[in-house]
file protein_5.txt (compact mmCIF, C-alpha atoms and all ligand atoms)
# COMPACT_ATOMS: atom_id res chain seq x y z
CA MET A 213 27.31 85.61 65.95
CA ILE A 214 23.90 84.07 65.35
CA VAL A 215 21.37 86.22 67.21
CA LYS A 216 18.12 84.69 68.46
CA PRO A 217 15.37 86.37 70.48
CA ARG A 218 15.71 85.91 74.24
CA ILE A 219 12.51 87.13 75.86
CA ARG A 220 12.35 87.85 79.57
CA GLY A 221 8.83 88.87 80.60
CA PHE A 222 7.95 91.96 78.59
CA VAL A 223 11.44 92.63 77.22
CA CYS A 224 13.66 90.93 74.71
CA ILE A 225 17.28 91.10 75.86
CA THR A 226 18.76 90.53 72.40
CA ALA A 227 18.35 92.50 69.17
CA HIS A 228 19.20 91.62 65.58
CA PRO A 229 21.24 94.25 63.71
CA LYS A 230 20.05 93.27 60.23
CA GLY A 231 16.45 92.84 61.39
CA CYS A 232 16.47 96.30 62.98
CA GLU A 233 17.84 97.70 59.73
CA ALA A 234 15.08 95.96 57.74
CA LYS A 235 12.44 97.41 60.09
CA VAL A 236 13.89 100.94 59.84
CA ARG A 237 13.98 100.64 56.04
CA GLU A 238 10.33 99.49 55.99
CA GLU A 239 9.39 102.64 57.91
CA ILE A 240 11.50 104.78 55.58
CA GLU A 241 9.51 103.49 52.60
CA VAL A 242 6.25 104.54 54.29
CA ALA A 243 7.64 108.03 54.95
CA LYS A 244 8.99 108.40 51.40
CA ALA A 245 5.59 107.53 49.94
CA ALA A 246 4.09 110.55 51.75
CA LYS A 247 6.39 113.46 50.89
CA ASN A 248 5.58 116.81 52.47
CA PRO A 249 7.61 119.75 51.15
CA ASN A 250 6.07 121.98 53.85
CA GLY A 251 7.39 119.84 56.70
CA PRO A 252 10.12 120.67 59.23
CA LYS A 253 13.69 121.22 58.01
CA LYS A 254 15.91 121.02 61.10
CA VAL A 255 14.67 118.72 63.80
CA LEU A 256 15.80 117.74 67.28
CA VAL A 257 14.25 114.47 68.46
CA ILE A 258 14.65 113.67 72.16
CA GLY A 259 14.00 109.92 72.49
CA SER A 260 14.74 109.11 68.84
CA SER A 261 15.85 105.47 68.88
CA THR A 262 12.63 103.46 69.18
CA GLY A 263 8.85 103.77 69.05
CA TYR A 264 7.22 107.10 68.34
CA GLY A 265 10.43 109.15 68.50
CA LEU A 266 12.19 106.99 65.90
CA SER A 267 9.18 107.14 63.59
CA THR A 268 8.93 110.92 63.95
CA ARG A 269 12.60 111.18 63.01
CA ILE A 270 12.03 108.95 59.97
CA ALA A 271 8.88 110.83 58.92
CA ALA A 272 10.68 114.21 59.14
CA ALA A 273 13.85 113.05 57.39
CA PHE A 274 12.37 110.98 54.60
CA GLY A 275 9.07 112.85 54.25
CA SER A 276 10.49 116.38 54.32
CA ASP A 277 14.25 115.96 53.77
CA ALA A 278 14.87 117.26 57.29
CA ALA A 279 18.26 117.31 58.98
CA THR A 280 17.87 115.47 62.29
CA LEU A 281 19.74 115.35 65.57
CA GLY A 282 18.61 112.40 67.71
CA ILE A 283 19.07 111.92 71.45
CA PHE A 284 18.64 108.53 73.11
CA PHE A 285 19.89 106.26 75.88
CA GLU A 286 20.93 102.95 74.37
CA ARG A 287 23.39 100.13 74.99
CA PRO A 288 26.09 99.64 72.37
CA SER A 289 27.44 96.13 71.84
CA MET A 290 29.76 95.12 74.67
CA LYS A 291 31.93 92.04 75.16
CA GLY A 292 30.52 90.43 72.01
CA LYS A 293 26.88 90.79 73.16
CA PRO A 294 24.36 92.40 70.80
CA ALA A 295 23.58 96.10 71.31
CA SER A 296 20.06 97.22 72.21
CA ALA A 297 17.48 97.52 69.43
CA GLY A 298 17.49 101.32 69.68
CA TRP A 299 21.23 101.34 69.02
CA TYR A 300 20.86 99.28 65.83
CA ASN A 301 17.82 101.34 64.78
CA SER A 302 19.87 104.52 65.12
CA VAL A 303 22.85 103.07 63.25
CA SER A 304 20.47 101.99 60.45
CA PHE A 305 18.65 105.32 60.39
CA GLU A 306 21.88 107.31 60.14
CA LYS A 307 23.22 105.01 57.42
CA ALA A 308 20.06 105.41 55.31
CA ALA A 309 19.92 109.18 55.92
CA HIS A 310 23.55 109.64 54.90
CA GLU A 311 22.96 107.53 51.75
CA ALA A 312 20.09 109.91 50.92
CA GLY A 313 22.36 112.94 51.46
CA LEU A 314 20.60 113.99 54.67
CA TYR A 315 22.29 115.34 57.79
CA ALA A 316 21.87 112.92 60.71
CA LYS A 317 23.78 112.86 63.97
CA SER A 318 23.00 111.23 67.29
CA ILE A 319 23.92 111.66 70.94
CA ASN A 320 23.75 108.64 73.23
CA GLY A 321 23.33 109.66 76.87
CA ASP A 322 20.92 110.75 79.59
CA ALA A 323 18.60 113.39 78.12
CA PHE A 324 17.61 114.47 81.63
CA SER A 325 21.16 115.65 82.35
CA ASN A 326 22.60 119.14 81.83
CA GLU A 327 25.60 117.64 80.00
CA ILE A 328 23.55 116.06 77.21
CA LYS A 329 21.51 119.26 76.78
CA ALA A 330 24.78 121.22 76.46
CA GLN A 331 26.17 118.68 73.97
CA ALA A 332 23.01 118.91 71.85
CA ILE A 333 23.18 122.73 71.86
CA GLU A 334 26.84 122.68 70.79
CA THR A 335 26.04 120.26 67.96
CA ILE A 336 23.11 122.39 66.75
CA LYS A 337 25.24 125.56 66.90
CA ALA A 338 28.06 123.96 64.97
CA ASP A 339 26.04 122.07 62.35
CA LEU A 340 22.52 123.42 62.00
CA GLY A 341 22.43 126.91 63.51
CA GLN A 342 18.87 126.50 64.79
CA VAL A 343 16.14 123.87 64.91
CA ASP A 344 12.56 124.48 63.79
CA LEU A 345 10.99 121.41 65.41
CA VAL A 346 11.72 119.83 68.79
CA VAL A 347 10.12 116.43 69.41
CA TYR A 348 9.99 115.22 73.00
CA SER A 349 9.39 111.45 73.04
CA LEU A 350 11.05 110.07 76.14
CA ALA A 351 9.66 107.09 77.99
CA SER A 352 11.73 106.28 81.04
CA PRO A 353 11.19 104.51 84.35
CA ARG A 354 13.54 106.91 86.20
CA ARG A 355 15.01 110.38 86.10
CA THR A 356 17.90 111.94 87.95
CA ASP A 357 17.05 115.60 88.48
CA PRO A 358 20.20 117.58 87.63
CA THR A 359 19.33 120.33 90.13
CA ASP A 360 19.26 118.16 93.29
CA GLY A 361 20.95 114.97 92.01
CA GLU A 362 18.04 112.90 93.31
CA THR A 363 16.78 109.93 91.27
CA TYR A 364 13.01 109.62 90.95
CA LYS A 365 11.16 106.49 89.82
CA SER A 366 7.87 106.35 87.97
CA VAL A 367 5.16 103.79 88.72
CA LEU A 368 2.09 102.62 86.78
CA LYS A 369 -0.57 102.55 89.48
CA PRO A 370 -4.15 103.68 90.05
CA ILE A 371 -4.91 106.57 92.37
CA GLY A 372 -7.28 106.40 95.35
CA GLU A 373 -8.40 102.78 95.13
CA SER A 374 -7.08 99.45 93.90
CA TYR A 375 -7.86 98.36 90.34
CA THR A 376 -8.67 94.85 89.17
CA ASN A 377 -8.98 93.86 85.54
CA ARG A 378 -7.95 91.34 82.94
CA THR A 379 -4.38 91.35 81.81
CA LEU A 380 -2.25 89.36 79.39
CA ASP A 381 1.01 87.59 80.03
CA THR A 382 2.37 88.21 76.54
CA ASP A 383 5.20 85.71 77.00
CA LYS A 384 2.89 82.81 77.92
CA GLY A 385 -0.24 83.94 76.05
CA GLU A 386 -2.31 83.72 79.24
CA VAL A 387 -5.19 85.96 80.21
CA SER A 388 -5.55 86.41 83.95
CA GLU A 389 -6.77 88.93 86.48
CA VAL A 390 -4.46 91.51 87.98
CA THR A 391 -5.02 93.74 91.00
CA ILE A 392 -2.90 96.85 91.37
CA GLU A 393 -2.82 98.68 94.68
CA PRO A 394 -3.17 102.48 94.62
CA ALA A 395 -0.11 104.72 94.55
CA SER A 396 1.07 106.75 97.53
CA GLN A 397 1.27 110.53 97.16
CA GLU A 398 5.05 110.21 96.92
CA GLU A 399 4.74 107.73 94.04
CA ILE A 400 2.35 110.08 92.23
CA ASP A 401 4.74 113.02 92.70
CA HIS A 402 7.74 111.00 91.56
CA THR A 403 5.95 109.74 88.43
CA VAL A 404 5.15 113.36 87.54
CA LYS A 405 8.81 114.22 88.13
CA VAL A 406 9.92 111.51 85.65
CA MET A 407 7.22 111.53 82.96
CA GLY A 408 5.74 115.04 83.44
CA GLY A 409 6.63 118.17 81.52
CA GLU A 410 9.46 119.60 83.65
CA ASP A 411 12.32 118.19 81.59
CA TRP A 412 10.64 119.22 78.31
CA GLU A 413 10.52 122.79 79.67
CA LEU A 414 14.18 122.60 80.73
CA TRP A 415 15.11 121.53 77.20
CA MET A 416 13.13 124.37 75.61
CA ASN A 417 14.55 126.96 78.05
CA ALA A 418 18.10 125.79 77.36
CA LEU A 419 17.62 125.75 73.57
CA ASP A 420 16.04 129.22 73.53
CA GLU A 421 18.64 130.72 75.89
CA ALA A 422 21.41 129.40 73.64
CA GLY A 423 19.73 130.97 70.59
CA VAL A 424 19.32 127.63 68.77
CA LEU A 425 15.51 127.68 68.62
CA ALA A 426 14.32 129.13 65.31
CA PRO A 427 11.71 131.93 65.57
CA GLY A 428 8.22 130.40 65.31
CA ALA A 429 9.57 126.89 65.94
CA LYS A 430 7.23 124.07 66.87
CA SER A 431 7.53 121.48 69.58
CA VAL A 432 5.50 118.39 70.33
CA ALA A 433 5.35 115.86 73.18
CA TYR A 434 3.28 112.68 73.20
CA SER A 435 0.42 111.48 75.34
CA TYR A 436 -2.17 108.73 75.49
CA ILE A 437 -5.79 108.52 76.64
CA GLY A 438 -7.26 105.18 75.51
CA PRO A 439 -10.42 103.31 76.52
CA GLU A 440 -12.28 103.56 79.81
CA ILE A 441 -11.21 100.03 80.80
CA THR A 442 -7.61 101.25 81.17
CA TRP A 443 -8.37 104.68 82.68
CA PRO A 444 -7.82 103.61 86.31
CA VAL A 445 -4.27 102.46 85.52
CA TYR A 446 -3.48 104.99 82.79
CA THR A 447 -5.40 108.23 82.28
CA ASN A 448 -6.68 108.48 85.87
CA GLY A 449 -3.58 106.83 87.33
CA THR A 450 -0.07 108.03 88.11
CA ILE A 451 1.00 108.27 84.46
CA GLY A 452 -2.15 110.26 83.66
CA GLN A 453 -1.10 112.83 86.28
CA ALA A 454 2.28 113.08 84.55
CA LYS A 455 0.57 113.54 81.17
CA LYS A 456 -1.58 116.35 82.64
CA ASP A 457 1.68 118.00 83.64
CA VAL A 458 2.94 117.63 80.05
CA GLU A 459 -0.19 119.53 78.94
CA ARG A 460 0.61 122.25 81.49
CA ALA A 461 4.16 122.38 80.12
CA ALA A 462 2.93 122.77 76.52
CA ALA A 463 1.03 125.95 77.48
CA ALA A 464 3.98 127.23 79.55
CA ILE A 465 6.43 126.67 76.67
CA THR A 466 4.14 128.44 74.19
CA ASP A 467 3.85 131.38 76.62
CA ALA A 468 7.55 131.63 77.39
CA HIS A 469 9.08 131.23 73.92
CA ASP A 470 8.49 132.16 70.30
CA CYS A 471 7.36 128.58 69.80
CA GLU A 472 4.10 126.67 69.39
CA ALA A 473 4.20 123.68 71.73
CA TYR A 474 1.62 120.91 71.47
CA VAL A 475 0.67 117.65 73.07
CA ALA A 476 -0.24 115.02 70.49
CA VAL A 477 -2.38 112.18 71.78
CA ASN A 478 -1.21 109.13 69.85
CA LYS A 479 -2.82 105.73 69.37
CA ALA A 480 -1.90 102.58 71.31
CA VAL A 481 0.92 100.70 69.57
CA VAL A 482 3.36 98.00 70.61
CA THR A 483 6.55 99.62 71.90
CA GLN A 484 9.01 98.77 74.63
CA ALA A 485 7.20 101.31 76.84
CA SER A 486 3.62 100.11 76.21
CA SER A 487 4.42 96.42 76.63
CA ALA A 488 5.32 97.13 80.26
CA ILE A 489 1.88 98.54 81.17
CA PRO A 490 -0.55 96.09 82.83
CA VAL A 491 -3.84 95.45 80.92
CA VAL A 492 -2.75 97.54 77.88
CA PRO A 493 -1.24 94.64 75.80
CA LEU A 494 -4.57 92.76 76.02
CA TYR A 495 -6.42 95.87 74.88
CA ILE A 496 -3.90 96.38 72.03
CA SER A 497 -4.34 92.76 70.86
CA ILE A 498 -8.12 93.23 70.61
CA LEU A 499 -7.76 96.71 69.11
CA PHE A 500 -5.47 95.40 66.35
CA LYS A 501 -8.06 92.84 65.30
CA VAL A 502 -10.84 95.44 65.21
CA MET A 503 -8.81 98.12 63.40
CA LYS A 504 -7.29 95.67 60.89
CA ALA A 505 -10.81 94.47 60.02
CA LYS A 506 -11.88 98.08 59.47
CA GLY A 507 -8.78 98.88 57.43
CA THR A 508 -7.74 101.63 59.86
CA HIS A 509 -4.82 99.85 61.56
CA GLU A 510 -1.72 102.03 61.99
CA ASP A 511 1.70 101.58 63.50
CA CYS A 512 4.07 104.31 64.77
CA ILE A 513 5.22 105.40 61.32
CA GLU A 514 1.73 105.82 59.82
CA GLN A 515 0.73 107.82 62.91
CA MET A 516 3.75 110.09 62.70
CA VAL A 517 3.38 110.67 58.95
CA ARG A 518 -0.22 111.73 59.61
CA LEU A 519 0.85 113.91 62.56
CA LEU A 520 3.46 115.81 60.56
CA ASN A 521 1.84 115.92 57.14
CA GLU A 522 -1.80 116.47 58.03
CA ARG A 523 -1.71 118.18 61.41
CA LEU A 524 1.51 119.93 62.49
CA TYR A 525 2.53 120.92 58.95
CA GLY A 526 -0.75 120.36 57.11
CA GLY A 527 -2.54 123.53 58.19
CA ASP A 528 -5.28 121.65 60.06
CA LEU A 529 -4.35 120.84 63.66
CA GLN A 530 -7.91 119.77 64.61
CA LEU A 531 -7.26 120.52 68.30
CA ASP A 532 -9.62 119.11 70.91
CA GLU A 533 -11.29 121.16 73.67
CA LEU A 534 -8.08 121.00 75.72
CA GLY A 535 -5.89 122.17 72.83
CA ARG A 536 -4.41 118.74 72.08
CA ILE A 537 -3.75 117.18 68.68
CA ARG A 538 -5.80 113.96 68.46
CA ILE A 539 -4.02 111.52 66.20
CA ASP A 540 -5.71 108.76 68.23
CA ASP A 541 -8.95 109.69 66.42
CA TRP A 542 -9.33 106.39 64.55
CA GLU A 543 -8.63 104.35 67.71
CA MET A 544 -11.16 106.36 69.70
CA HIS A 545 -13.85 106.09 66.99
CA GLU A 546 -17.13 105.00 68.59
CA ASP A 547 -17.46 101.83 66.45
CA VAL A 548 -13.93 100.74 67.27
CA GLN A 549 -14.33 101.31 71.01
CA LYS A 550 -17.70 99.53 71.04
CA ALA A 551 -16.26 96.51 69.22
CA VAL A 552 -13.38 96.27 71.72
CA ALA A 553 -15.72 96.70 74.71
CA ASP A 554 -17.97 93.89 73.38
CA VAL A 555 -15.06 91.46 73.22
CA TRP A 556 -13.46 92.46 76.53
CA PRO A 557 -15.69 90.44 78.96
CA GLU A 558 -15.52 87.38 76.68
CA ILE A 559 -11.78 87.04 76.27
CA SER A 560 -9.84 84.22 77.93
CA SER A 561 -6.59 82.33 77.34
CA GLU A 562 -8.55 79.84 75.20
CA SER A 563 -10.26 82.44 73.00
CA LEU A 564 -7.27 84.83 72.80
CA ASN A 565 -6.28 83.87 69.27
CA VAL A 566 -9.85 83.97 67.98
CA LEU A 567 -11.12 87.13 69.61
CA SER A 568 -7.92 89.15 69.36
CA ASP A 569 -4.95 89.60 67.09
CA PHE A 570 -2.50 88.24 69.67
CA SER A 571 -0.27 86.83 66.91
CA GLY A 572 -0.16 90.32 65.37
CA TYR A 573 0.84 91.69 68.79
CA GLN A 574 3.60 89.09 69.14
CA ASN A 575 4.92 89.72 65.61
CA ASN A 576 4.97 93.42 66.32
CA PHE A 577 6.77 92.88 69.63
CA LEU A 578 9.46 90.69 68.01
CA LYS A 579 9.91 93.22 65.22
CA LEU A 580 10.79 95.87 67.84
CA PHE A 581 13.97 93.86 68.37
CA GLY A 582 14.58 93.06 64.71
CA PHE A 583 13.11 89.55 64.66
CA GLY A 584 10.61 88.15 62.15
CA LEU A 585 11.48 90.54 59.32
CA ARG A 586 11.05 89.26 55.79
CA GLY A 587 14.29 88.86 53.84
CA VAL A 588 16.54 88.52 56.90
CA ASP A 589 18.45 85.25 57.31
CA TYR A 590 18.33 84.58 61.04
CA ASN A 591 20.70 81.62 60.74
CA GLU A 592 23.43 83.83 59.33
CA ASP A 593 26.43 84.82 61.41
CA VAL A 594 26.19 88.61 61.84
CA GLU A 595 28.55 91.29 63.12
CA VAL A 596 27.03 92.71 66.30
CA GLU A 597 29.63 95.37 67.08
CA ILE A 598 28.55 98.29 64.91
CA ASP A 599 29.41 101.95 65.52
CA LEU A 600 27.11 104.87 64.92
CA PRO A 601 28.13 106.30 61.52
CA SER A 602 28.11 109.88 62.92
CA ALA A 603 30.52 108.91 65.69
CA GLY A 604 33.26 108.05 63.20
P1 LIG A 701 9.88 103.81 73.60
O1 LIG A 701 10.25 103.02 74.82
O2 LIG A 701 9.80 103.08 72.31
O3 LIG A 701 10.95 105.01 73.38
C1 LIG A 701 11.51 105.73 74.42
C2 LIG A 701 12.68 106.56 73.92
O4 LIG A 701 13.20 107.32 75.03
C3 LIG A 701 13.88 105.74 73.38
O5 LIG A 701 14.46 106.41 72.29
C4 LIG A 701 14.87 105.75 74.56
O6 LIG A 701 16.24 105.60 74.20
C5 LIG A 701 14.61 107.15 75.08
N1 LIG A 701 15.03 107.34 76.47
C6 LIG A 701 14.54 106.78 77.60
N2 LIG A 701 15.20 107.28 78.69
C7 LIG A 701 16.11 108.16 78.21
C8 LIG A 701 17.05 109.02 78.82
N3 LIG A 701 17.22 109.07 80.14
N4 LIG A 701 17.83 109.79 78.02
C9 LIG A 701 17.70 109.77 76.66
N5 LIG A 701 16.79 109.00 76.04
C10 LIG A 701 16.01 108.21 76.80
O7 LIG A 701 8.56 104.57 73.97
P2 LIG A 701 7.27 105.08 73.15
O8 LIG A 701 6.15 104.15 73.41
O9 LIG A 701 7.62 105.46 71.75
O10 LIG A 701 6.95 106.40 73.99
C11 LIG A 701 7.31 107.71 73.58
C12 LIG A 701 6.22 108.67 74.01
O11 LIG A 701 4.99 108.33 73.33
C13 LIG A 701 5.90 108.62 75.52
O12 LIG A 701 5.60 109.92 75.96
C14 LIG A 701 4.65 107.76 75.56
O13 LIG A 701 3.84 108.02 76.70
C15 LIG A 701 3.96 108.24 74.28
N6 LIG A 701 2.88 107.34 73.77
C16 LIG A 701 3.09 106.01 73.59
C17 LIG A 701 2.05 105.21 73.14
C18 LIG A 701 2.21 103.72 72.94
O14 LIG A 701 1.21 103.02 72.74
N7 LIG A 701 3.42 103.21 72.94
C19 LIG A 701 0.79 105.78 72.84
C20 LIG A 701 0.63 107.16 72.98
C21 LIG A 701 1.68 107.93 73.45
call {"tool": "encode", "arguments": {"input": "protein_5.txt", "output": "structure tokens", "more": "lines below"}}
Ligand code: NAD
result
Amino acid sequence: MIVKPRIRGFVCITAHPKGCEAKVREEIEVAKAAKNPNGPKKVLVIGSSTGYGLSTRIAAAFGSDAATLGIFFERPSMKGKPASAGWYNSVSFEKAAHEAGLYAKSINGDAFSNEIKAQAIETIKADLGQVDLVVYSLASPRRTDPTDGETYKSVLKPIGESYTNRTLDTDKGEVSEVTIEPASQEEIDHTVKVMGGEDWELWMNALDEAGVLAPGAKSVAYSYIGPEITWPVYTNGTIGQAKKDVERAAAAITDAHDCEAYVAVNKAVVTQASSAIPVVPLYISILFKVMKAKGTHEDCIEQMVRLLNERLYGGDLQLDELGRIRIDDWEMHEDVQKAVADVWPEISSESLNVLSDFSGYQNNFLKLFGFGLRGVDYNEDVEVEIDLPSAG
């Protein structure tokens, strides 16, 4: 079929198989150009099909020849409809890894469940023996807790008082004002349940108990801090509480296992998760313009190459006062933050394309779904039903 983008609000409900492959191959080239022989060798990536998890998998595989097992929750093609972007990304990643002689297998299912944890452990036992790096990169709006069977939902809300700021309708290119009412205590608790550190700990306990965690292994989960303008809805909001719990979990994992667990604070990038956060897409559009002008712009893959090569496996973690890895250092640079803050009060729908890199944001967003890639013929009839190579 001929696949065109169909955008609904902040998601695109179609994905292009060849475009996703082109995007994955672009990231592979970045990883290959930064080889690190001291990197991880056997890696489990939980949340490996899009965004930061996918790029970490690519950086480990193509930067350090690592064997990778990826876990994700994606929609294969059904009834002739295209699969989700993460499905095509994973197909393309596996294909490229196998071509390069690298082990790559994937498990599609709910990472929060006991069944998927057991399946991952069986696969590691059978194929890899043990893993030396566990990457936890889930972003999910809900979680069913396997112990009580209850489903919890996360919300993106401020705490204590309502928050009003500028936001961007990325579909229409309109800047407007949004007011978000504060979360209830139950909403805060449920967001921590979904996006906090509990499930990361459950994974690490299960892996260690099964004897598939290599002695002295490393583990990393991702967080975000960002500028003060977004603090009420992010860092000081419900999601920020969950991220604090991830920091608690990092210390608990390091205490409980022969494993160094870290939180890496990453930079703001366009992903399916970040495009759903109010205010953040407007900030990202301005940030892109500022960082591109300074020559410090990075996407997920550049961030993850730097995280693995320079920090986690580069001998220089550069931890902050709370023990976190700060790979958001260039974003948080004083000059960059000042330049964004100067533009913020001025920006409007009319000045959006002048004062920000909104077109860069849009291109990035479309690329997440495999659209707008150079060398891909979007008028060509393409096969949308594609199996994961490792499933065959
Ligand atoms: P993303 O939406 O691109 O990726 C989420 C991944 O989680 C996908 O692989 C998806 O399949 C998987 N997933 C979701 N629910 C699942 C489930 N139940 N079972 C198995 N897999 C599941 O998100 P992202 O932006 O790359 O976020 C990853 C992490 O990075 C999050 O912790 C996020 O807070 C953090 N982070 C993101 C940004 C940003 O700007 N996007 C910045 C800093 C930190």
call {"tool": "closest_atom_pairs", "arguments": {"input": "protein_5.txt", "of": "chain A", "to": "ligand LIG 701 (chain A)", "cutoff": "7 Å", "atoms": "only C-alpha atoms and all ligand atoms", "output": "JSON lines"}}
result
{"residue": "A:Ile258", "atom": "CA", "partner": "A:LIG701", "partner_atom": "N5", "distance": 6.4}
{"residue": "A:Gly259", "atom": "CA", "partner": "A:LIG701", "partner_atom": "O5", "distance": 3.5}
{"residue": "A:Ser260", "atom": "CA", "partner": "A:LIG701", "partner_atom": "O5", "distance": 4.4}
{"residue": "A:Ser261", "atom": "CA", "partner": "A:LIG701", "partner_atom": "O5", "distance": 3.8}
{"residue": "A:Thr262", "atom": "CA", "partner": "A:LIG701", "partner_atom": "O2", "distance": 4.2}
{"residue": "A:Gly263", "atom": "CA", "partner": "A:LIG701", "partner_atom": "O9", "distance": 3.4}
{"residue": "A:Tyr264", "atom": "CA", "partner": "A:LIG701", "partner_atom": "O9", "distance": 3.8}
{"residue": "A:Gly265", "atom": "CA", "partner": "A:LIG701", "partner_atom": "O9", "distance": 5.7}
{"residue": "A:Leu266", "atom": "CA", "partner": "A:LIG701", "partner_atom": "O5", "distance": 6.8}
{"residue": "A:Ile283", "atom": "CA", "partner": "A:LIG701", "partner_atom": "C9", "distance": 5.8}
{"residue": "A:Phe284", "atom": "CA", "partner": "A:LIG701", "partner_atom": "N5", "distance": 3.5}
{"residue": "A:Phe285", "atom": "CA", "partner": "A:LIG701", "partner_atom": "O6", "distance": 4.1}
{"residue": "A:Glu286", "atom": "CA", "partner": "A:LIG701", "partner_atom": "O6", "distance": 5.4}
{"residue": "A:Gly298", "atom": "CA", "partner": "A:LIG701", "partner_atom": "O6", "distance": 6.3}
{"residue": "A:Gly321", "atom": "CA", "partner": "A:LIG701", "partner_atom": "N4", "distance": 5.6}
{"residue": "A:Asp322", "atom": "CA", "partner": "A:LIG701", "partner_atom": "N4", "distance": 3.6}
{"residue": "A:Ala323", "atom": "CA", "partner": "A:LIG701", "partner_atom": "N4", "distance": 3.7}
{"residue": "A:Phe324", "atom": "CA", "partner": "A:LIG701", "partner_atom": "N3", "distance": 5.6}
{"residue": "A:Ser349", "atom": "CA", "partner": "A:LIG701", "partner_atom": "C11", "distance": 4.3}
{"residue": "A:Leu350", "atom": "CA", "partner": "A:LIG701", "partner_atom": "O4", "distance": 3.7}
{"residue": "A:Ala351", "atom": "CA", "partner": "A:LIG701", "partner_atom": "C1", "distance": 4.2}
{"residue": "A:Ser352", "atom": "CA", "partner": "A:LIG701", "partner_atom": "N2", "distance": 4.3}
{"residue": "A:Arg355", "atom": "CA", "partner": "A:LIG701", "partner_atom": "N3", "distance": 6.5}
{"residue": "A:Ala433", "atom": "CA", "partner": "A:LIG701", "partner_atom": "O12", "distance": 6.6}
{"residue": "A:Tyr434", "atom": "CA", "partner": "A:LIG701", "partner_atom": "O12", "distance": 4.5}
{"residue": "A:Ser435", "atom": "CA", "partner": "A:LIG701", "partner_atom": "C21", "distance": 4.2}
{"residue": "A:Tyr436", "atom": "CA", "partner": "A:LIG701", "partner_atom": "C20", "distance": 4.1}
{"residue": "A:Val477", "atom": "CA", "partner": "A:LIG701", "partner_atom": "C20", "distance": 6.0}
{"residue": "A:Asn478", "atom": "CA", "partner": "A:LIG701", "partner_atom": "C20", "distance": 4.1}
{"residue": "A:Lys479", "atom": "CA", "partner": "A:LIG701", "partner_atom": "C19", "distance": 5.0}
{"residue": "A:Ala480", "atom": "CA", "partner": "A:LIG701", "partner_atom": "O14", "distance": 3.5}
{"residue": "A:Val481", "atom": "CA", "partner": "A:LIG701", "partner_atom": "O14", "distance": 3.9}
{"residue": "A:Val482", "atom": "CA", "partner": "A:LIG701", "partner_atom": "N7", "distance": 5.7}
{"residue": "A:Thr483", "atom": "CA", "partner": "A:LIG701", "partner_atom": "O2", "distance": 4.8}
{"residue": "A:Gln484", "atom": "CA", "partner": "A:LIG701", "partner_atom": "O1", "distance": 4.4}
{"residue": "A:Ala485", "atom": "CA", "partner": "A:LIG701", "partner_atom": "O1", "distance": 4.0}
{"residue": "A:Ser486", "atom": "CA", "partner": "A:LIG701", "partner_atom": "N7", "distance": 4.5}
call {"tool": "residues_around", "arguments": {"input": "protein_5.txt", "residues": "stretch 392-396 of chain A", "least_positions_apart": "2", "cutoff": "8 Å", "atoms": "all atoms listed in the file", "output": "list in words"}}
result
Val367, Lys369, Pro370, Ile371, Gly372, Glu373, Ser374, Tyr375, Thr376, Val390, Glu398, Glu399, Ile400 and Thr450 of chain A
call {"tool": "write_last_selection", "arguments": {"input": "protein_5.txt", "atoms": "C-alpha atoms", "output": "short mmCIF file (atom, residue, chain, number, x, y, z; two decimals), keeping the file's coordinate frame"}}
result
data_model
loop_
_atom_site.label_atom_id
_atom_site.label_comp_id
_atom_site.auth_asym_id
_atom_site.auth_seq_id
_atom_site.Cartn_x
_atom_site.Cartn_y
_atom_site.Cartn_z
CA VAL A 367 5.16 103.79 88.72
CA LYS A 369 -0.57 102.55 89.48
CA PRO A 370 -4.15 103.68 90.05
CA ILE A 371 -4.91 106.57 92.37
CA GLY A 372 -7.28 106.40 95.35
CA GLU A 373 -8.40 102.78 95.13
CA SER A 374 -7.08 99.45 93.90
CA TYR A 375 -7.86 98.36 90.34
CA THR A 376 -8.67 94.85 89.17
CA VAL A 390 -4.46 91.51 87.98
CA GLU A 398 5.05 110.21 96.92
CA GLU A 399 4.74 107.73 94.04
CA ILE A 400 2.35 110.08 92.23
CA THR A 450 -0.07 108.03 88.11
#
call {"tool": "axis_aligned_box", "arguments": {"input": "protein_5.txt", "around": "stretch 391-399 of chain A", "padding_each_side": "6 Å", "output": "AutoDock Vina command-line options"}}
result
--center_x 0.0 --center_y 102.1 --center_z 94.3 --size_x 22.1 --size_y 28.8 --size_z 18.5
call {"tool": "residues_around", "arguments": {"input": "protein_5.txt", "residues": "stretch 361-363 of chain A", "least_positions_apart": "2", "cutoff": "10 Å", "atoms": "all atoms listed in the file", "output": "PyMOL selection string"}}
result
chain A and resi 325+354-359+365+402+405-406
call {"tool": "residues_around", "arguments": {"input": "protein_5.txt", "residues": "A:Glu334", "least_positions_apart": "3", "cutoff": "12 Å", "atoms": "only C-alpha atoms", "output": "number ranges by chain"}}
result
A: 281, 319, 327-331, 337-342, 418-419, 422-424
call {"tool": "closest_residue", "arguments": {"input": "protein_5.txt", "among": "A:Ser568, A:Val517, A:Glu413, A:Gly438", "to": "A:Asp467", "atoms": "only C-alpha atoms"}}
result
A:Glu413
call {"tool": "residues_around", "arguments": {"input": "protein_5.txt", "residues": "A:Ser560", "least_positions_apart": "6", "cutoff": "10 Å", "atoms": "only C-alpha atoms", "output": "JSON, numbers by chain"}}
result
{"A": [378, 379, 380, 385, 386, 387, 388, 566, 567]}
call {"tool": "atom_distance", "arguments": {"input": "protein_5.txt", "atom1": "atom CA of A:Asp589", "atom2": "atom CA of A:Cys512"}}
result
25.0 Å
